[in-house]
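A.B. asks: Got a structure here, written out as structure tokens. Questions coming.
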Amino acid sequence: MTDTLKISDLHVAVEGKPILRGVNLTIRRGETHALMGPNGSGKSTLGNAIMGHPGYEVTGGTIALNDGNVLEWDASERARAGIFMAFQRPMAIPGVKMADFLRHATTNVRNPDRKEGEELIPMRQFRKELTENMEQLRMDVEFARRYVNDGFSGGEMKRAEILQMAMLRPKFAILDETDSGLDVDAVKLASESIAQIGSDAGGGEKMGILIITHHDKLLDRNAPDFTHVMLGGRIVETGGIELARELYTDGYDRIRAAYPEAAAAEESMTETATV
Amino acid sequence: MATDLTQDSTTSDAALGEINKYDFITPSHDVFKAEKGLNAGIVAQISEMKNEPAWMREFRLESFKIFESKPMPNWGGDIGIDFQDIYYYLKPTNEQGRTWDDVPQEIKDTFDKLGIPEAEKKYLAGVKAQFESEVVYGSLQEDLGKKGVIFTDTDTAVREHPELLREYFGKIIPPSDNKFAALNSAVWSGGSFIYVPPGVKIEFPLQAYFRINAEQMGQFERTMIIVDEGAEVHYVEGCTAPMYTTESLHSAVVEIMVKKNGRCRYTTIQNWANNIYNLVTKRAMAYENSLMEWIDGNLGSRLTMKYPAVYLMEPGARGEILSIAFSSKGQHQDAGAKVVHCAPHTKSRIISKSISKNGGRSSYRGLCKVEDGAVGSKSNVVCDALILDSDSRSDTYPYIEVEEQDVQVEHEASVSRIGEEQLFYLMSRGLTEAEASSMIVSGFIEPLIKELPMEYAVEMNRLIELQMEGSVG
């Protein structure tokens, strides 16, 4: 059976304010989905809710990974079940070296039943994999000795997120604007890397990928099987790659006109946000 | 200038474990004890038991008068000590009443988790009056002796090196300095005495338990280090293993003299039981172009008040103080640093880190003073506090007194909480909540850890992990 991440009628509130108002989305392993929509439509909220951020309160609906009830798991359990999110603004952890953090994370994700204090994956094996992945991403080896996201440039942060995806080899990866703040060459490299990493999640299996983006560049090498448009906390339209093309050339006017109710919800959300 | 930063975030404050699981009741010893309480008679008796020269006896009695006349400090923490309910002197014996079997299993487990060697375990648990060091460290001692280095306990130094000792004893920290320095001066026992002759550089850290024929670490130890011109030494005291004393008061005095071009580093890692009042006075005088470094790690205790000081006496002298405090339930760490720039072109740097958890309280209290005429001096103070839950607290009391215009004095302070965002980030990569908290704490103290000798760094990291275990629900 193909691994499936199924989101049904998901409602999410942040600080008591409803943001998602009934999202339905099914991602199978091996599929690439693009999630587009205006700022504030709820795209990052969906990613954070899937990953289990405690600040995003699920007020209705379900998230299932195969037979598992994802909503019963904390973020750590979700990661170990094979869900990954590359964040738009990853947190800095001063004093913690990338290599130490990644070795710990990689061990836990590959051996989900590991008890605290049990052996980490062997240093030699870990170092070899890390070096290979860093070369692929054209990162200096020195990077592994730096503190997690501490003083990283925007580009370094994004690359570090992709590096983590490469090391953790999740079943499902959510990429939240991994292309923002990158120059053209960096986006190209990111795009190629994601395609390459996504095509092999270990054992020759592909990942299921959800790409949140405003631009087309990331999709060059990662042609979406499905494109979803989010507006006012709902997915209002789903299409193929042609929908993505339309949106990044023409914008969202047609969508707003076609879904007045969602557009009204969007407006009320934006108002609340500005208050 | 005081800032009171009690936190109110919604970070997990669930079932928090006890940080200091190590205090236990010790069985009574079959050793000589001076009678309980303190008076001039007992002070004289201590001196007599030790067969001390008249000058030391006078020094003790004079100090006792000063102790009686001094009020308790009215700042810092709550000092609830009944001075008459304490034994001030235990004569060390070769055979102690405690045996390894008396040591609770929990403590033995802690030693195992910290990876402490068998021989040291018994010493640390107070089973042995001294660490069986003669075989291992005998050649070391001989080596040092050839270079003219003196490394002994302070009681022995009073007998064998009186001129050297007397020149500085009670001069760097006079008994009149504060009530607890006076108390120590009256009843002191044990501690290390180190003299490093001109130009001699000791390559490896000298550790308290290297000492041979030492009296057992007491609660009123007195340490003195004299680093002569161009000499270098690194002294390491304490251990991450829990410290036990039968009494609830620990009040040490450490005096250090670093002469021209000399270097001295003094590293302390102490982990006290929950009932201990740890009130320590530490001060160094640094002369021309010399360097004095204090590295001070304080864990546990009911109340710690400790502010290692460096007086920069001559041009080019430098002082660095790196301190870390970890406080948990029922514990108050009032720790910090003191630097006094008395001469031109002197430099100081203070880095202070504190972690408060499970209702613990940490305070940074620091003084940076630049005297008139100390032109071109520079001082940099950074203090960071990390608060792990909503019951815990951190305060900062920086005192800056600058009497000279042409100087550069910087002070930065930050208080942070283990944020939901940082925890979530690490957990989203598969770390459990406990692993994530522990990693954030390790990262926070990393600047101190990397200054420690390797074996201490490893122990310290393990200790932090142990203390973080089960700390989050």
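How things are named: the first chain in the structure tokens is A, the next is B, and so on; residues count from 1 in each chain; ligands count from 1 in the order shown.
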Can you list, as a PyMOL selection string, every residue of range 224-437 of chain B that DSSP puts in helix (DSSP H, G or I)?

C.D. replies: chain B and resi 420-427+433-437

A.B. asks: I'd like the contact shell of Ala54 in chain B - 12 Å cut-off, only C-alpha atoms, skipping same-chain residues fewer than 6 positions apart - returned as a list in words.

C.D. replies: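 Counting only C-alpha atoms, the residues come to Ala44, Ser47, Glu48, Arg60, Leu61, Val158, Arg159 and Pro162 of chain B.
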
A.B. asks: Can you write out the residues you just picked, keeping N, CA and C atoms, as a tab-separated table (two decimals), in the first residue's frame?

C.D. replies:
```
chain	number	residue	atom	x	y	z
B	44	ALA	N	40.34	28.79	69.99
B	44	ALA	CA	41.66	28.49	70.58
B	44	ALA	C	41.91	26.99	70.56
B	47	SER	N	43.05	25.76	67.18
B	47	SER	CA	44.45	26.09	66.95
B	47	SER	C	45.36	25.13	67.73
B	48	GLU	N	44.93	24.81	68.92
B	48	GLU	CA	45.71	23.92	69.78
B	48	GLU	C	45.75	22.50	69.21
B	60	ARG	N	43.56	33.83	64.37
B	60	ARG	CA	42.23	33.22	64.51
B	60	ARG	C	41.37	33.95	65.52
B	61	LEU	N	41.98	34.24	66.68
B	61	LEU	CA	41.19	34.86	67.75
B	61	LEU	C	40.77	36.28	67.36
B	158	VAL	N	51.47	25.91	56.89
B	158	VAL	CA	51.68	26.72	58.10
B	158	VAL	C	52.92	26.20	58.84
B	159	ARG	N	53.08	24.88	58.87
B	159	ARG	CA	54.22	24.30	59.58
B	159	ARG	C	55.51	24.38	58.74
B	162	PRO	N	56.25	28.66	56.62
B	162	PRO	CA	55.60	29.78	57.31
B	162	PRO	C	55.91	31.15	56.71
```

A.B. asks: Quick one: residues within 7 Å of Lys6 in chain A, only C-alpha atoms counted, chain neighbours fewer than 5 positions away excluded, as a compact mmCIF listing (two decimals) with C-alpha atoms, in the first residue's frame?

C.D. replies:
```txt
# COMPACT_ATOMS: atom_id res chain seq x y z
CA LEU A 25 -5.87 17.33 0.96
CA THR A 26 -4.54 13.87 0.23
CA ILE A 27 -0.87 13.31 -0.57
CA ILE A 63 -4.97 14.24 9.83
CA ALA A 64 -4.13 10.61 9.14
CA LEU A 65 -0.91 8.94 8.09
```

A.B. asks: Residues of chain B within 7 Å of chain A, counting only C-alpha atoms - could you list those as a ChimeraX atom specification?

C.D. replies: /B:421-422,424-425,427-432,439-440,443-444,446

A.B. asks: Let's have the selection written as a tab-separated table (two decimals), in the first residue's frame, with C-alpha atoms.

C.D. replies:
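The result, written out as out_10.tsv:
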```tsv
chain	number	residue	atom	x	y	z
B	421	GLU	CA	9.60	27.73	19.13
B	422	GLN	CA	13.04	26.30	19.83
B	424	PHE	CA	9.19	22.71	18.50
B	425	TYR	CA	11.99	23.13	16.00
B	427	MET	CA	11.16	18.15	18.16
B	428	SER	CA	10.11	18.50	14.54
B	429	ARG	CA	13.42	16.80	13.77
B	430	GLY	CA	12.60	13.80	15.95
B	431	LEU	CA	14.10	14.83	19.29
B	432	THR	CA	11.91	14.15	22.31
B	439	MET	CA	20.21	20.17	23.98
B	440	ILE	CA	19.16	23.80	24.35
B	443	GLY	CA	24.13	24.86	23.92
B	444	PHE	CA	23.57	27.66	26.37
B	446	GLU	CA	28.75	25.61	25.67
```

A.B. asks: So what do you get for CA of Asp216 in chain A versus CA of Gly22 in chain A, distance-wise?

C.D. replies: 26.8 Å

A.B. asks: Using only C-alpha atoms, determine which residues lie at most 8 Å from range 69-81 of chain B, disregarding the query and same-chain residues fewer than 4 positions distant; provide the list as a list in words.

C.D. replies: Lys65, Asn178, Lys179, Leu249, Tyr277, Leu303, Met305, His332 and Asp334 of chain B

A.B. asks: With N, CA and C atoms retained, export the selected residues as a CSV table (one decimal), in the first residue's frame.

C.D. replies:
```
chain,number,residue,atom,x,y,z
B,65,LYS,N,36.9,37.9,66.8
B,65,LYS,CA,36.3,39.1,67.3
B,65,LYS,C,35.6,39.9,66.1
B,178,ASN,N,34.6,40.6,55.1
B,178,ASN,CA,33.2,40.4,55.3
B,178,ASN,C,33.0,39.3,56.4
B,179,LYS,N,31.8,39.2,56.9
B,179,LYS,CA,31.5,38.3,58.0
B,179,LYS,C,32.0,36.9,57.8
B,249,LEU,N,26.9,24.4,56.4
B,249,LEU,CA,27.6,25.7,56.0
B,249,LEU,C,29.0,25.4,55.4
B,277,TYR,N,24.6,26.0,52.7
B,277,TYR,CA,24.8,27.4,52.5
B,277,TYR,C,26.3,27.5,52.0
B,303,LEU,N,21.7,27.9,49.2
B,303,LEU,CA,22.1,29.3,48.8
B,303,LEU,C,23.6,29.4,48.5
B,305,MET,N,26.5,32.2,47.6
B,305,MET,CA,26.9,33.6,47.4
B,305,MET,C,28.4,33.6,47.1
B,332,HIS,N,19.0,28.8,45.6
B,332,HIS,CA,19.2,30.2,45.2
B,332,HIS,C,20.7,30.4,44.9
B,334,ASP,N,23.3,33.1,44.1
B,334,ASP,CA,23.5,34.5,44.0
B,334,ASP,C,25.0,34.6,43.7
```

A.B. asks: Write out as a PDB file with C-alpha atoms, in the first residue's frame the residues lying within 9 Å of Asp3 in chain A, counting only C-alpha atoms and excluding same-chain residues fewer than 5 positions away.

C.D. replies:
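So the final result, stored in part.pdb, reads:
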```pdb
ATOM      1  CA  ILE A  27      -0.872  13.311  -0.574  1.00  0.00           C
ATOM      2  CA  ARG A  28       0.428   9.915  -1.627  1.00  0.00           C
ATOM      3  CA  ARG A  29       4.048   9.011  -1.488  1.00  0.00           C
ATOM      4  CA  LEU A  65      -0.913   8.935   8.092  1.00  0.00           C
ATOM      5  CA  ASN A  66      -2.122   5.600   6.765  1.00  0.00           C
ATOM      6  CA  LYS A 171       8.106   9.913   3.770  1.00  0.00           C
ATOM      7  CA  GLY A 208       5.483  12.799  -1.034  1.00  0.00           C
TER       8      GLY A 208
END
```

A.B. asks: Which of range 30-241 of chain A counts as strand (DSSP E or B) under DSSP, as a JSON list (two decimals) with C-alpha atoms, in the first residue's frame please?

C.D. replies:
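Dumped everything to out30.json:
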```json
[["chain", "number", "residue", "atom", "x", "y", "z"],
["A", 32, "THR", "CA", 4.46, 16.34, -5.72],
["A", 33, "HIS", "CA", 1.87, 18.93, -4.71],
["A", 34, "ALA", "CA", 2.21, 22.67, -5.05],
["A", 35, "LEU", "CA", 0.30, 24.84, -2.59],
["A", 36, "MET", "CA", -0.22, 28.40, -3.72],
["A", 56, "TYR", "CA", -1.68, 25.91, 16.12],
["A", 57, "GLU", "CA", -4.83, 24.54, 17.65],
["A", 58, "VAL", "CA", -6.74, 21.98, 15.64],
["A", 59, "THR", "CA", -10.40, 22.74, 16.29],
["A", 60, "GLY", "CA", -11.87, 20.24, 13.89],
["A", 61, "GLY", "CA", -11.15, 17.60, 11.28],
["A", 62, "THR", "CA", -8.50, 14.91, 11.04],
["A", 63, "ILE", "CA", -4.97, 14.24, 9.83],
["A", 64, "ALA", "CA", -4.13, 10.61, 9.14],
["A", 65, "LEU", "CA", -0.91, 8.94, 8.09],
["A", 68, "GLY", "CA", -2.32, 6.48, 12.31],
["A", 69, "ASN", "CA", -4.05, 9.44, 13.92],
["A", 83, "ILE", "CA", 6.79, 13.80, 8.37],
["A", 84, "PHE", "CA", 9.18, 16.67, 7.75],
["A", 85, "MET", "CA", 8.82, 20.40, 7.29],
["A", 86, "ALA", "CA", 11.44, 22.82, 5.97],
["A", 93, "ILE", "CA", 19.84, 27.14, 18.73],
["A", 94, "PRO", "CA", 23.02, 28.84, 19.97],
["A", 95, "GLY", "CA", 25.81, 26.60, 21.23],
["A", 96, "VAL", "CA", 24.46, 23.46, 19.54],
["A", 97, "LYS", "CA", 26.53, 22.31, 16.59],
["A", 147, "TYR", "CA", 25.71, 26.42, 15.71],
["A", 148, "VAL", "CA", 22.23, 25.56, 14.43],
["A", 172, "PHE", "CA", 6.44, 13.31, 3.44],
["A", 173, "ALA", "CA", 8.17, 16.67, 3.18],
["A", 174, "ILE", "CA", 6.54, 20.07, 3.43],
["A", 175, "LEU", "CA", 8.68, 22.89, 2.02],
["A", 176, "ASP", "CA", 7.48, 26.26, 3.25],
["A", 208, "GLY", "CA", 5.48, 12.80, -1.03],
["A", 209, "ILE", "CA", 6.20, 16.50, -1.32],
["A", 210, "LEU", "CA", 4.13, 19.57, -0.56],
["A", 211, "ILE", "CA", 5.76, 22.73, -1.91],
["A", 212, "ILE", "CA", 4.45, 26.03, -0.61],
["A", 226, "PHE", "CA", -1.32, 18.68, -8.38],
["A", 227, "THR", "CA", -1.56, 22.39, -7.79],
["A", 228, "HIS", "CA", -3.83, 23.66, -5.01],
["A", 229, "VAL", "CA", -4.96, 27.21, -4.44],
["A", 230, "MET", "CA", -5.67, 28.30, -0.92],
["A", 231, "LEU", "CA", -7.88, 31.27, -0.18],
["A", 234, "ARG", "CA", -9.65, 26.67, 2.30],
["A", 235, "ILE", "CA", -8.35, 24.93, -0.76],
["A", 236, "VAL", "CA", -10.67, 26.37, -3.36],
["A", 237, "GLU", "CA", -9.31, 24.91, -6.55],
["A", 238, "THR", "CA", -7.05, 22.04, -7.59],
["A", 239, "GLY", "CA", -5.46, 21.53, -10.96]]
```

A.B. asks: At most 12 Å is the cut-off: for each residue in range 8-69 of chain A with any atom that close to an atom of range 250-260 of chain A, write down the nearest atom pair and the distance in Å rounded to one decimal, counting only C-alpha atoms, chain first then increasing number, as JSON lines.

C.D. replies:
```
{"residue": "A:Met36", "atom": "CA", "partner": "A:Tyr252", "partner_atom": "CA", "distance": 9.7}
{"residue": "A:Gly37", "atom": "CA", "partner": "A:Tyr252", "partner_atom": "CA", "distance": 7.4}
{"residue": "A:Pro38", "atom": "CA", "partner": "A:Tyr252", "partner_atom": "CA", "distance": 7.2}
{"residue": "A:Asn39", "atom": "CA", "partner": "A:Tyr252", "partner_atom": "CA", "distance": 10.9}
{"residue": "A:Ser41", "atom": "CA", "partner": "A:Tyr252", "partner_atom": "CA", "distance": 11.5}
```

A.B. asks: Would you pick out the contacts of Gly366 in chain B at 6 Å or less, using only C-alpha atoms, so that residues sharing its chain but fewer than 4 positions from it are not included, and give the list as a PyMOL selection string?

C.D. replies: chain B and resi 336-338+398-399

A.B. asks: Limited to N, CA and C atoms, could you put the picked residues into a file as an mmCIF file, in the first residue's frame?

C.D. replies:
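Just written: out-v1.cif:
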```cif
data_model
loop_
_atom_site.group_PDB
_atom_site.id
_atom_site.type_symbol
_atom_site.label_atom_id
_atom_site.label_comp_id
_atom_site.auth_asym_id
_atom_site.auth_seq_id
_atom_site.Cartn_x
_atom_site.Cartn_y
_atom_site.Cartn_z
ATOM 1 N N GLY B 336 28.331 35.735 40.777
ATOM 2 C CA GLY B 336 28.722 36.765 39.828
ATOM 3 C C GLY B 336 30.207 36.955 39.811
ATOM 4 N N ALA B 337 30.622 38.199 39.782
ATOM 5 C CA ALA B 337 32.044 38.463 39.620
ATOM 6 C C ALA B 337 32.343 39.895 40.030
ATOM 7 N N LYS B 338 33.615 40.139 40.294
ATOM 8 C CA LYS B 338 34.039 41.474 40.709
ATOM 9 C C LYS B 338 35.375 41.774 40.052
ATOM 10 N N PRO B 398 23.811 44.410 38.256
ATOM 11 C CA PRO B 398 25.150 44.848 37.854
ATOM 12 C C PRO B 398 25.483 46.199 38.494
ATOM 13 N N TYR B 399 26.653 46.289 39.123
ATOM 14 C CA TYR B 399 27.086 47.561 39.692
ATOM 15 C C TYR B 399 28.304 48.031 38.908
#
```

A.B. asks: Work out how far apart CA of Ile269 in chain B and CA of Val236 in chain B are and give it in Å to one decimal.

C.D. replies: 8.2 Å

A.B. asks: Rounded to one decimal in Å, what is the spacing between CA of Val70 in chain A and CA of Lys158 in chain A?

C.D. replies: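 So the answer is 26.1 Å.
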
A.B. asks: Could you name the residues that touch Asp200 in chain A at 10 Å or less, counting only C-alpha atoms, but leaving out those on the same chain fewer than 6 positions away, as a ChimeraX atom specification?

C.D. replies: /A:30,166,169-171,206-207

A.B. asks: Kindly indicate which residue among A:Gly42, A:Thr213, A:Ala264, A:Arg103 lies nearest to Arg124 in chain A, using only C-alpha atoms for the distances.

C.D. replies: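 With only C-alpha atoms as the atom set, the closest residue is A:Arg103.
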
A.B. asks: A:Arg245, A:Arg21, A:Ala263, A:Leu130: which is nearest Asp9 in chain A, counting only C-alpha atoms?

C.D. replies: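 Between A:Arg245, A:Arg21, A:Ala263, A:Leu130, the residue approaching Asp9 in chain A most closely is A:Arg21.
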